[in-house]
file run29.cif (mmCIF, C-alpha atoms and all ligand atoms)
data_entry
loop_
_atom_site.label_atom_id
_atom_site.label_comp_id
_atom_site.auth_asym_id
_atom_site.auth_seq_id
_atom_site.Cartn_x
_atom_site.Cartn_y
_atom_site.Cartn_z
CA MET A 1 102.62 103.31 107.81
CA HIS A 2 101.24 106.05 110.01
CA GLU A 3 104.25 105.30 112.21
CA LEU A 4 106.11 107.89 110.13
CA THR A 5 103.54 110.59 110.89
CA VAL A 6 103.74 109.64 114.55
CA ILE A 7 107.55 109.92 114.52
CA GLU A 8 107.46 113.29 112.80
CA ASN A 9 105.12 114.61 115.49
CA ILE A 10 107.19 113.08 118.31
CA MET A 11 110.26 114.87 116.96
CA ASN A 12 108.51 118.21 116.54
CA ILE A 13 107.14 118.16 120.06
CA SER A 14 110.39 116.89 121.64
CA LEU A 15 112.57 119.44 119.89
CA GLN A 16 110.23 122.23 120.88
CA VAL A 17 110.18 121.16 124.53
CA ALA A 18 113.99 120.84 124.52
CA GLU A 19 114.37 124.35 123.19
CA GLN A 20 111.98 125.81 125.76
CA ASN A 21 113.96 124.11 128.54
CA ASN A 22 117.49 124.82 127.27
CA ILE A 23 118.21 121.15 126.62
CA SER A 24 121.05 120.76 124.14
CA ARG A 25 120.92 116.99 123.84
CA ILE A 26 117.91 114.68 124.18
CA SER A 27 118.83 111.24 125.48
CA ALA A 28 115.38 109.63 125.69
CA VAL A 29 111.74 110.10 124.80
CA ASN A 30 109.23 108.29 127.02
CA LEU A 31 106.12 107.46 125.05
CA ASP A 32 102.89 105.96 126.41
CA VAL A 33 101.11 103.87 123.79
CA GLY A 34 97.64 102.47 124.39
CA GLU A 35 97.14 98.89 123.29
CA MET A 36 94.21 99.99 121.12
CA GLN A 37 96.68 101.84 118.91
CA HIS A 38 97.87 99.66 116.08
CA LEU A 39 101.48 100.71 116.13
CA ASN A 40 104.25 98.40 115.06
CA GLU A 41 107.06 98.76 117.59
CA GLN A 42 109.77 97.68 115.16
CA ILE A 43 108.73 100.10 112.45
CA LEU A 44 108.49 102.83 115.06
CA GLN A 45 112.00 102.14 116.43
CA HIS A 46 113.64 101.84 113.00
CA GLY A 47 111.85 104.89 111.66
CA PHE A 48 112.79 106.85 114.75
CA ASP A 49 116.48 105.96 114.50
CA ALA A 50 116.53 106.95 110.84
CA SER A 51 114.68 110.23 111.37
CA VAL A 52 116.61 111.65 114.33
CA LYS A 53 119.96 111.66 112.51
CA ASP A 54 121.72 115.03 112.51
CA THR A 55 119.54 116.49 115.24
CA ILE A 56 120.07 117.06 118.95
CA MET A 57 118.13 113.84 119.50
CA SER A 58 120.35 111.69 117.25
CA ARG A 59 121.30 109.38 120.11
CA ALA A 60 117.95 109.41 121.86
CA ASP A 61 116.19 106.20 122.90
CA LEU A 62 112.52 105.90 122.16
CA LYS A 63 111.14 104.16 125.25
CA LEU A 64 107.65 102.73 124.84
CA ARG A 65 105.30 101.94 127.68
CA TRP A 66 102.29 99.93 126.50
CA VAL A 67 99.10 100.86 128.34
CA PRO A 68 96.47 98.10 128.62
CA VAL A 69 92.85 98.78 127.69
CA LYS A 70 90.61 99.62 130.64
CA LEU A 71 86.92 100.36 130.53
CA LYS A 72 84.63 102.03 133.01
CA CYS A 73 80.99 101.08 133.40
CA ARG A 74 78.75 104.14 133.23
CA ASP A 75 76.09 102.40 135.34
CA CYS A 76 78.02 100.86 138.26
CA TYR A 77 81.43 102.58 137.77
CA HIS A 78 83.26 99.26 137.76
CA ILE A 79 86.68 99.48 136.05
CA PHE A 80 87.80 96.42 134.13
CA GLU A 81 89.92 95.05 131.29
CA PRO A 82 87.82 93.61 128.46
CA GLN A 83 88.04 89.84 128.15
CA ASN A 84 87.66 87.99 124.83
CA GLY A 85 86.61 91.12 122.98
CA CYS A 86 83.63 91.76 125.26
CA TYR A 87 83.20 95.40 126.27
CA TYR A 88 80.14 94.82 128.46
CA CYS A 89 80.48 95.37 132.20
CA PRO A 90 81.24 91.97 133.78
CA GLN A 91 79.74 93.14 137.10
CA CYS A 92 76.31 94.52 136.14
CA LYS A 93 76.19 93.42 132.45
CA SER A 94 75.64 97.01 131.30
CA LYS A 95 76.57 97.75 127.69
CA ASP A 96 77.19 101.39 128.49
CA THR A 97 80.95 101.58 129.01
CA GLU A 98 83.63 104.08 128.17
CA ILE A 99 87.30 103.59 127.38
CA LYS A 100 89.33 104.96 130.29
CA GLN A 101 92.76 103.98 129.01
CA GLY A 102 94.34 102.14 126.12
CA MET A 103 94.00 104.88 123.48
CA GLU A 104 97.09 106.83 124.57
CA LEU A 105 99.66 108.17 122.20
CA THR A 106 101.30 110.53 124.61
CA ILE A 107 104.81 111.83 125.15
CA ASN A 108 105.11 111.38 128.87
CA SER A 109 108.52 113.03 129.22
CA ILE A 110 111.83 113.66 127.57
CA GLU A 111 115.26 113.18 129.14
CA GLY A 112 118.37 115.19 128.31
CA GLU A 113 121.05 117.62 129.36
CA MET B 1 117.23 115.80 133.62
CA GLU B 2 113.69 114.60 132.93
CA ILE B 3 111.07 117.02 131.69
CA LYS B 4 107.39 116.15 131.90
CA VAL B 5 105.60 116.73 128.59
CA LEU B 6 102.26 114.87 128.77
CA LYS B 7 101.26 115.88 125.29
CA ASN B 8 99.30 113.82 122.78
CA VAL B 9 101.45 113.08 119.75
CA LEU B 10 98.53 113.78 117.42
CA ASP B 11 97.53 117.04 119.12
CA ARG B 12 98.13 119.07 115.99
CA ASN B 13 95.77 116.87 113.99
CA ASN B 14 93.18 116.88 116.78
CA ASP B 15 93.27 120.68 117.06
CA GLN B 16 92.66 121.13 113.34
CA ALA B 17 89.89 118.49 113.49
CA GLU B 18 88.13 120.62 116.11
CA LYS B 19 88.34 123.62 113.80
CA ASN B 20 86.93 121.57 110.94
CA LYS B 21 84.09 120.49 113.20
CA ALA B 22 83.30 124.11 114.04
CA LEU B 23 83.25 125.01 110.36
CA LEU B 24 80.87 122.14 109.59
CA ARG B 25 78.62 123.23 112.42
CA LYS B 26 78.60 126.78 111.16
CA HIS B 27 77.39 125.60 107.74
CA ASP B 28 74.97 123.04 109.16
CA LEU B 29 76.81 120.34 107.30
CA VAL B 30 77.23 116.64 108.01
CA MET B 31 80.53 115.02 107.08
CA LEU B 32 80.98 111.25 106.91
CA ASN B 33 84.37 109.58 107.00
CA MET B 34 84.33 106.21 105.22
CA ILE B 35 87.10 103.83 106.28
CA SER B 36 87.85 100.36 104.91
CA SER B 37 90.55 98.15 103.46
CA PRO B 38 91.41 98.68 99.80
CA GLY B 39 88.64 97.32 97.61
CA ALA B 40 85.97 96.76 100.27
CA GLY B 41 83.56 98.77 98.14
CA LYS B 42 83.60 102.39 99.35
CA THR B 43 83.39 103.93 95.90
CA THR B 44 80.75 101.45 94.73
CA ILE B 45 78.64 102.27 97.79
CA LEU B 46 78.98 105.98 97.01
CA GLU B 47 77.95 105.32 93.42
CA LYS B 48 74.70 103.75 94.69
CA THR B 49 74.14 106.26 97.48
CA ILE B 50 74.78 109.63 95.87
CA PRO B 51 72.03 109.57 93.20
CA GLU B 52 69.43 108.75 95.87
CA LEU B 53 70.56 111.57 98.17
CA LEU B 54 70.78 114.02 95.29
CA LYS B 55 67.00 113.92 95.01
CA THR B 56 66.76 116.04 98.15
CA LYS B 57 70.28 117.05 99.23
CA ASN B 58 73.38 118.80 97.98
CA VAL B 59 76.25 116.36 98.15
CA GLY B 60 80.00 116.90 97.98
CA VAL B 61 82.81 114.37 98.04
CA ILE B 62 86.40 114.44 99.24
CA GLU B 63 88.33 111.58 97.69
CA GLY B 64 91.49 110.39 99.41
CA ASP B 65 93.77 108.31 97.29
CA ALA B 66 97.45 107.54 97.64
CA TYR B 67 98.34 108.35 94.03
CA THR B 68 95.50 108.32 91.48
CA SER B 69 92.23 110.09 90.73
CA LYS B 70 90.39 106.97 89.52
CA ASP B 71 87.70 107.07 92.21
CA ALA B 72 87.00 110.76 91.68
CA GLU B 73 86.59 110.03 87.96
CA ARG B 74 84.04 107.31 88.74
CA LEU B 75 81.90 109.86 90.60
CA GLN B 76 82.16 112.66 88.06
CA LYS B 77 79.03 111.42 86.27
CA PHE B 78 76.93 112.82 89.12
CA ASP B 79 78.03 116.36 88.37
CA ILE B 80 78.73 117.19 92.01
CA PRO B 81 81.68 118.97 93.64
CA ILE B 82 84.51 116.50 94.17
CA VAL B 83 87.89 117.33 95.65
CA GLN B 84 90.68 114.88 95.12
CA ILE B 85 93.42 114.64 97.75
CA ASN B 86 96.49 112.71 96.72
CA THR B 87 98.32 111.74 99.87
CA GLU B 88 101.55 110.94 97.98
CA GLY B 89 101.71 107.44 99.39
CA THR B 90 100.63 108.32 102.92
CA CYS B 91 98.13 105.80 104.22
CA HIS B 92 95.55 108.19 105.67
CA LEU B 93 93.90 111.58 105.31
CA ASP B 94 94.49 114.09 108.04
CA SER B 95 92.51 117.07 109.28
CA SER B 96 94.69 119.69 107.59
CA SER B 97 94.34 118.08 104.15
CA VAL B 98 90.57 118.04 104.66
CA ARG B 99 90.74 121.70 105.67
CA SER B 100 92.46 122.51 102.37
CA ALA B 101 89.81 120.51 100.53
CA PHE B 102 87.14 122.70 102.20
CA GLU B 103 88.72 125.70 100.45
CA GLN B 104 87.72 124.19 97.14
CA LEU B 105 84.12 123.50 98.15
CA ASP B 106 81.30 125.96 98.56
CA LEU B 107 80.35 124.80 102.05
CA ALA B 108 77.34 127.09 102.27
CA GLN B 109 75.78 125.27 99.32
CA LEU B 110 76.23 121.72 100.67
CA ASP B 111 74.22 119.51 103.04
CA VAL B 112 76.53 116.54 103.25
CA ILE B 113 80.16 115.69 102.48
CA PHE B 114 81.35 112.13 102.02
CA VAL B 115 85.02 111.59 102.66
CA GLU B 116 86.39 108.42 101.10
CA ASN B 117 89.52 107.78 103.11
CA VAL B 118 92.58 106.02 101.74
CA GLY B 119 91.99 102.25 101.63
CA ASN B 120 93.48 101.05 104.92
CA LEU B 121 91.92 99.50 108.02
CA ILE B 122 94.48 100.81 110.49
CA CYS B 123 96.06 104.16 109.73
CA PRO B 124 93.00 106.40 109.13
CA THR B 125 91.58 105.37 112.50
CA GLY B 126 93.92 107.56 114.54
CA PHE B 127 93.27 110.69 112.51
CA ASP B 128 90.13 112.58 113.37
CA LEU B 129 89.09 114.68 110.39
CA GLY B 130 86.41 116.51 112.32
CA GLU B 131 83.74 114.30 110.79
CA ASN B 132 80.31 113.94 112.38
CA ILE B 133 79.95 110.29 111.50
CA ARG B 134 82.55 107.60 111.06
CA ILE B 135 81.61 104.63 108.92
CA ALA B 136 83.55 101.39 108.69
CA VAL B 137 83.01 99.27 105.60
CA LEU B 138 84.05 95.62 105.69
CA SER B 139 83.67 93.22 102.79
CA THR B 140 82.86 89.60 103.51
CA THR B 141 85.97 88.32 101.71
CA GLU B 142 88.16 89.95 104.35
CA GLY B 143 86.95 87.50 106.99
CA ASP B 144 84.64 87.53 109.99
CA ASP B 145 87.41 88.04 112.57
CA LYS B 146 88.07 91.70 111.86
CA PRO B 147 86.30 93.34 114.85
CA ALA B 148 88.57 91.43 117.22
CA LYS B 149 91.66 92.30 115.17
CA TYR B 150 90.87 95.98 114.66
CA PRO B 151 88.98 96.98 117.80
CA MET B 152 89.77 100.69 117.54
CA LEU B 153 88.01 101.17 114.22
CA PHE B 154 85.03 98.97 115.00
CA ARG B 155 84.56 100.45 118.48
CA GLN B 156 84.61 104.02 117.15
CA ALA B 157 82.40 103.53 114.10
CA LYS B 158 78.85 104.82 114.35
CA ALA B 159 77.84 102.43 111.59
CA VAL B 160 79.38 99.37 110.00
CA VAL B 161 78.47 98.31 106.49
CA LEU B 162 79.10 94.65 105.76
CA ASN B 163 79.46 94.70 101.98
CA LYS B 164 79.66 91.93 99.38
CA VAL B 165 77.16 89.70 101.18
CA ASP B 166 76.40 88.24 97.73
CA LEU B 167 79.71 86.37 98.03
CA ILE B 168 78.90 84.62 101.32
CA PRO B 169 77.73 81.40 99.58
CA TYR B 170 81.21 80.99 98.10
CA ILE B 171 83.36 81.69 101.15
CA HIS B 172 83.47 80.88 104.84
CA PHE B 173 81.99 83.89 106.55
CA ASP B 174 80.16 83.41 109.83
CA LYS B 175 77.77 86.34 109.63
CA ASP B 176 76.09 85.76 113.01
CA GLY B 177 79.48 85.42 114.66
CA PHE B 178 80.66 88.59 112.99
CA PHE B 179 77.71 90.67 114.17
CA SER B 180 77.79 89.22 117.68
CA ASP B 181 81.54 90.03 118.04
CA LEU B 182 80.90 93.49 116.68
CA HIS B 183 78.09 94.17 119.17
CA LEU B 184 80.17 92.92 122.10
CA LEU B 185 82.78 95.51 121.15
CA ASN B 186 80.39 98.29 120.18
CA PRO B 187 76.87 97.77 121.55
CA SER B 188 75.38 100.91 120.03
CA VAL B 189 76.69 100.43 116.48
CA ASN B 190 74.29 100.56 113.53
CA THR B 191 74.84 97.74 111.07
CA PHE B 192 73.94 97.20 107.44
CA GLU B 193 74.23 94.12 105.27
CA MET B 194 74.78 95.13 101.71
CA SER B 195 75.68 94.04 98.26
CA ALA B 196 76.47 97.33 96.59
CA PHE B 197 77.06 95.33 93.44
CA LYS B 198 73.63 93.63 93.42
CA GLU B 199 72.02 96.65 95.09
CA THR B 200 70.63 94.77 98.07
CA GLY B 201 70.46 96.41 101.48
CA VAL B 202 71.09 99.82 99.97
CA ASP B 203 67.64 101.22 100.88
CA GLU B 204 68.05 100.65 104.65
CA TRP B 205 71.41 102.36 104.49
CA ILE B 206 70.05 105.35 102.61
CA ASN B 207 67.13 105.71 104.99
CA TRP B 208 69.51 105.71 107.93
CA LEU B 209 71.69 108.32 106.21
CA LYS B 210 68.73 110.54 105.47
CA ALA B 211 67.71 110.42 109.11
CA HIS B 212 71.18 111.66 110.07
CA ILE B 213 71.44 114.43 107.48
CA THR B 214 68.79 116.92 108.39
N1 LIG A 301 80.73 90.82 94.56
C1 LIG A 301 80.71 92.09 94.94
N2 LIG A 301 81.68 92.92 94.49
C2 LIG A 301 81.64 94.21 94.89
C3 LIG A 301 80.65 94.70 95.75
N3 LIG A 301 80.88 96.02 95.98
C4 LIG A 301 81.99 96.32 95.29
N4 LIG A 301 82.46 95.23 94.61
C5 LIG A 301 83.63 95.16 93.75
O1 LIG A 301 84.81 95.29 94.54
C6 LIG A 301 85.83 95.99 93.81
C7 LIG A 301 86.33 97.16 94.62
O2 LIG A 301 85.27 98.10 94.81
P1 LIG A 301 85.52 99.64 95.08
O3 LIG A 301 84.18 100.26 95.23
O4 LIG A 301 86.44 100.20 94.07
O5 LIG A 301 86.27 99.55 96.49
P2 LIG A 301 86.96 100.73 97.33
O6 LIG A 301 86.77 100.41 98.75
O7 LIG A 301 86.47 102.04 96.84
O8 LIG A 301 88.50 100.53 96.92
P3 LIG A 301 89.73 101.54 97.18
O9 LIG A 301 89.23 102.93 96.94
O10 LIG A 301 90.77 101.12 96.20
O11 LIG A 301 90.15 101.31 98.58
C8 LIG A 301 85.19 96.39 92.48
O12 LIG A 301 85.56 95.45 91.51
C9 LIG A 301 83.71 96.32 92.77
O13 LIG A 301 82.93 96.04 91.63
C10 LIG A 301 79.63 93.80 96.20
O14 LIG A 301 78.72 94.12 96.96
N5 LIG A 301 79.74 92.50 95.77
MG MG A 302 87.54 103.70 96.23
ZN ZN A 303 78.55 97.88 135.55
#

call {"tool": "encode", "arguments": {"input": "run29.cif", "output": "C-alpha cells"}}
result
Amino acid sequence: MHELTVIENIMNISLQVAEQNNISRISAVNLDVGEMQHLNEQILQHGFDASVKDTIMSRADLKLRWVPVKLKCRDCYHIFEPQNGCYYCPQCKSKDTEIKQGMELTINSIEGE
Amino acid sequence: MEIKVLKNVLDRNNDQAEKNKALLRKHDLVMLNMISSPGAGKTTILEKTIPELLKTKNVGVIEGDAYTSKDAERLQKFDIPIVQINTEGTCHLDSSSVRSAFEQLDLAQLDVIFVENVGNLICPTGFDLGENIRIAVLSTTEGDDKPAKYPMLFRQAKAVVLNKVDLIPYIHFDKDGFFSDLHLLNPSVNTFEMSAFKETGVDEWINWLKAHIT
C-alpha cells in the first residue's frame, strides 16, 4: 500500500506549489506514472479522494498518464519497447541497455485558480 | 491556469537516500537492502550469513517489520548491533527511517549493514534507502513467473537469491525458465541458488558478499 505514501507526497508538493503561485483552489493534478511502477490506479484514486478532504484540493481530479517502458541500447543507441520481457536490443542484440522511460512518478502540472 | 511542476513524487525520499549514501561513503561502509515477499527466507539467510562474516567483519543489522520485533530477536544471539524499525503497518522502509536507525549505530565501527526490508515484493522497490547493493530474494514456492510480474525489482537487483531450492522436487518450478527470464530482464544480475534451511549454496553467496565488502 505504498499508494498512501505516494498520495501524501503528491499533496505536499501540490499544496506547496499552489501556495507559491497564489492558487486558492486546485482543480487537477496531472501525474505521469511509468508502467514499471506497480501502482494500483483504483487504490490511488480512492485514497486521493479520501485524503484531499477539507483542503484547497478537495475537488481536484487526479489525472494519470501511463508512460510505457522504453529502453535505449548503449551500443547502437536504438530506442525500443521491450517485448515479452526481453530487455536486449532487438537491433544489435546487445545486453547493455538503459531504461529511458517507464519509471516516472512525476507531477507534471497542477491546474487551479 | 496550469502550472508546470515536473517534480518526482518521491523526491524527498530520494534526497535523503543521497545523504545516507554520503554517510555510508564517509564511513567506508557497505549497506545491503534485502527485499522479498513475506517468508521467502530473508532472516534465515541472515542467520546463516552473519556468523561467517563475523569472522572478519563488523556487521550491523536494520530490521524492518510492520509490527513485531521477532526477526530482531532471532538475530540477537550473534551479539551484534541491531536496530528495529517498526513501520506501523507501512509496507516499506524509507530513507528517513534508515537515517534515524543510523543514529543508533556506531557507523565508524561497522563494515557492513544488512537491511531486512518489510516483507513485500512491490512497495520497497520504489524507496531508495541509499544502499550500495540491492538484493532480491525469491523462494521457489512463489513461482517461476515472478521476474515478468515484478520487473522493477528484478531489473534493479544486483543479485537475486533463489531460496528454498530444496522444495523444487515437490512443486512445479521451472528453474531454467526462471533464470533465463531473469537474465533477459537483467543481463548483469548475479544469481544464487540456495537452501538456507539445508545450508546449500550458502558458500557461493558468502564469497560473493565478501568480494563486495572490502
Ligand atoms: N524448506 C525451506 N524452508 C525455508 C528455507 N529458508 C527459510 N525457510 C523457512 O521459511 C519460513 C520463513 O523464513 P524467514 O527467514 O522467516 O523468512 P523472511 O523472509 O525473513 O520472512 P518475513 O520477515 O516475515 O518477511 C521459515 O519457516 C523458514 O524456516 C529453505 O531454504 N527451505
Ligand atoms: Mg524476516
Ligand atoms: Zn543495439

call {"tool": "atom_distance", "arguments": {"input": "run29.cif", "atom1": "atom CA of Thr97 of chain A", "atom2": "atom CA of Gly85 of chain A"}}
result
13.3 Å

call {"tool": "closest_residue", "arguments": {"input": "run29.cif", "among": "B:Ser96, B:Asn163, B:Thr214, B:Asn120", "to": "chain A", "atoms": "all atoms listed in the file"}}
result
B:Asn120

call {"tool": "residues_around", "arguments": {"input": "run29.cif", "residues": "Leu44 of chain A", "least_positions_apart": "3", "cutoff": "9 Å", "atoms": "all atoms listed in the file", "output": "list in words"}}
result
Glu3, Leu4, Val6, Ile7, Leu39, Asn40, Glu41, Gly47, Phe48, Asp49 and Leu62 of chain A

call {"tool": "residues_around", "arguments": {"input": "run29.cif", "residues": "Phe178 of chain B", "least_positions_apart": "2", "cutoff": "10 Å", "atoms": "all atoms listed in the file", "output": "short mmCIF file (atom, residue, chain, number, x, y, z; two decimals) with C-alpha atoms, keeping the file's coordinate frame"}}
result
data_model
loop_
_atom_site.label_atom_id
_atom_site.label_comp_id
_atom_site.auth_asym_id
_atom_site.auth_seq_id
_atom_site.Cartn_x
_atom_site.Cartn_y
_atom_site.Cartn_z
CA THR B 140 82.86 89.60 103.51
CA GLY B 143 86.95 87.50 106.99
CA ASP B 144 84.64 87.53 109.99
CA ASP B 145 87.41 88.04 112.57
CA LYS B 146 88.07 91.70 111.86
CA PRO B 147 86.30 93.34 114.85
CA ALA B 148 88.57 91.43 117.22
CA LEU B 162 79.10 94.65 105.76
CA PHE B 173 81.99 83.89 106.55
CA ASP B 174 80.16 83.41 109.83
CA LYS B 175 77.77 86.34 109.63
CA ASP B 176 76.09 85.76 113.01
CA SER B 180 77.79 89.22 117.68
CA ASP B 181 81.54 90.03 118.04
CA LEU B 182 80.90 93.49 116.68
CA HIS B 183 78.09 94.17 119.17
#

call {"tool": "residues_near_ligand", "arguments": {"input": "run29.cif", "ligand": "ligand LIG 301 (chain A)", "cutoff": "8 Å", "atoms": "only C-alpha atoms and all ligand atoms", "output": "JSON, numbers by chain"}}
result
{"B": [36, 37, 38, 39, 40, 41, 42, 43, 44, 45, 46, 65, 71, 116, 117, 118, 119, 120, 137, 139, 163, 164, 165, 166, 167, 194, 195, 196, 197, 198, 199]}

call {"tool": "write_last_selection", "arguments": {"input": "run29.cif", "atoms": "C-alpha atoms", "output": "CSV table (one decimal), keeping the file's coordinate frame"}}
result
chain,number,residue,atom,x,y,z
B,36,SER,CA,87.8,100.4,104.9
B,37,SER,CA,90.6,98.2,103.5
B,38,PRO,CA,91.4,98.7,99.8
B,39,GLY,CA,88.6,97.3,97.6
B,40,ALA,CA,86.0,96.8,100.3
B,41,GLY,CA,83.6,98.8,98.1
B,42,LYS,CA,83.6,102.4,99.4
B,43,THR,CA,83.4,103.9,95.9
B,44,THR,CA,80.8,101.4,94.7
B,45,ILE,CA,78.6,102.3,97.8
B,46,LEU,CA,79.0,106.0,97.0
B,65,ASP,CA,93.8,108.3,97.3
B,71,ASP,CA,87.7,107.1,92.2
B,116,GLU,CA,86.4,108.4,101.1
B,117,ASN,CA,89.5,107.8,103.1
B,118,VAL,CA,92.6,106.0,101.7
B,119,GLY,CA,92.0,102.2,101.6
B,120,ASN,CA,93.5,101.0,104.9
B,137,VAL,CA,83.0,99.3,105.6
B,139,SER,CA,83.7,93.2,102.8
B,163,ASN,CA,79.5,94.7,102.0
B,164,LYS,CA,79.7,91.9,99.4
B,165,VAL,CA,77.2,89.7,101.2
B,166,ASP,CA,76.4,88.2,97.7
B,167,LEU,CA,79.7,86.4,98.0
B,194,MET,CA,74.8,95.1,101.7
B,195,SER,CA,75.7,94.0,98.3
B,196,ALA,CA,76.5,97.3,96.6
B,197,PHE,CA,77.1,95.3,93.4
B,198,LYS,CA,73.6,93.6,93.4
B,199,GLU,CA,72.0,96.6,95.1

call {"tool": "interface_residues", "arguments": {"input": "run29.cif", "of": "chain B", "to": "chain A", "cutoff": "6 Å", "atoms": "only C-alpha atoms", "output": "ChimeraX atom specification"}}
result
/B:1-9,123,152,184-185

call {"tool": "residues_near_point", "arguments": {"input": "run29.cif", "point": "(85.7, 111.1, 87.9)", "cutoff": "12 Å", "atoms": "all atoms listed in the file", "output": "number ranges by chain"}}
result
B: 43, 47, 61-63, 68-84

call {"tool": "atom_distance", "arguments": {"input": "run29.cif", "atom1": "atom CA of Glu204 of chain B", "atom2": "atom CA of Met34 of chain B"}}
result
17.2 Å

call {"tool": "residues_around", "arguments": {"input": "run29.cif", "residues": "Leu71 of chain A", "least_positions_apart": "3", "cutoff": "6 Å", "atoms": "all atoms listed in the file", "output": "PyMOL selection string"}}
result
chain A and resi 79-80+98-100

call {"tool": "atom_distance", "arguments": {"input": "run29.cif", "atom1": "atom CA of Arg74 of chain A", "atom2": "atom CA of Asn186 of chain B"}}
result
14.4 Å

call {"tool": "residues_near_ligand", "arguments": {"input": "run29.cif", "ligand": "ligand ZN 303 (chain A)", "cutoff": "6 Å", "atoms": "only C-alpha atoms and all ligand atoms", "output": "MDAnalysis selection string"}}
result
chainID A and resid 73 75:78 89 91:94

call {"tool": "residues_around", "arguments": {"input": "run29.cif", "residues": "Ala211 of chain B", "least_positions_apart": "5", "cutoff": "12 Å", "atoms": "only C-alpha atoms", "output": "ChimeraX atom specification"}}
result
/B:30,53,204-206

call {"tool": "axis_aligned_box", "arguments": {"input": "run29.cif", "around": "segment 83-97 of chain A", "padding_each_side": "3 Å", "output": "AutoDock Vina command-line options"}}
result
--center_x 81.8 --center_y 94.8 --center_z 130.0 --size_x 18.4 --size_y 19.6 --size_z 20.1

call {"tool": "residues_around", "arguments": {"input": "run29.cif", "residues": "Ile113 of chain B", "least_positions_apart": "5", "cutoff": "12 Å", "atoms": "all atoms listed in the file", "output": "PyMOL selection string"}}
result
chain B and resi 24+27-34+46+50+53-54+57-63+80-83+98+101-102+105-108+129-133+209+213
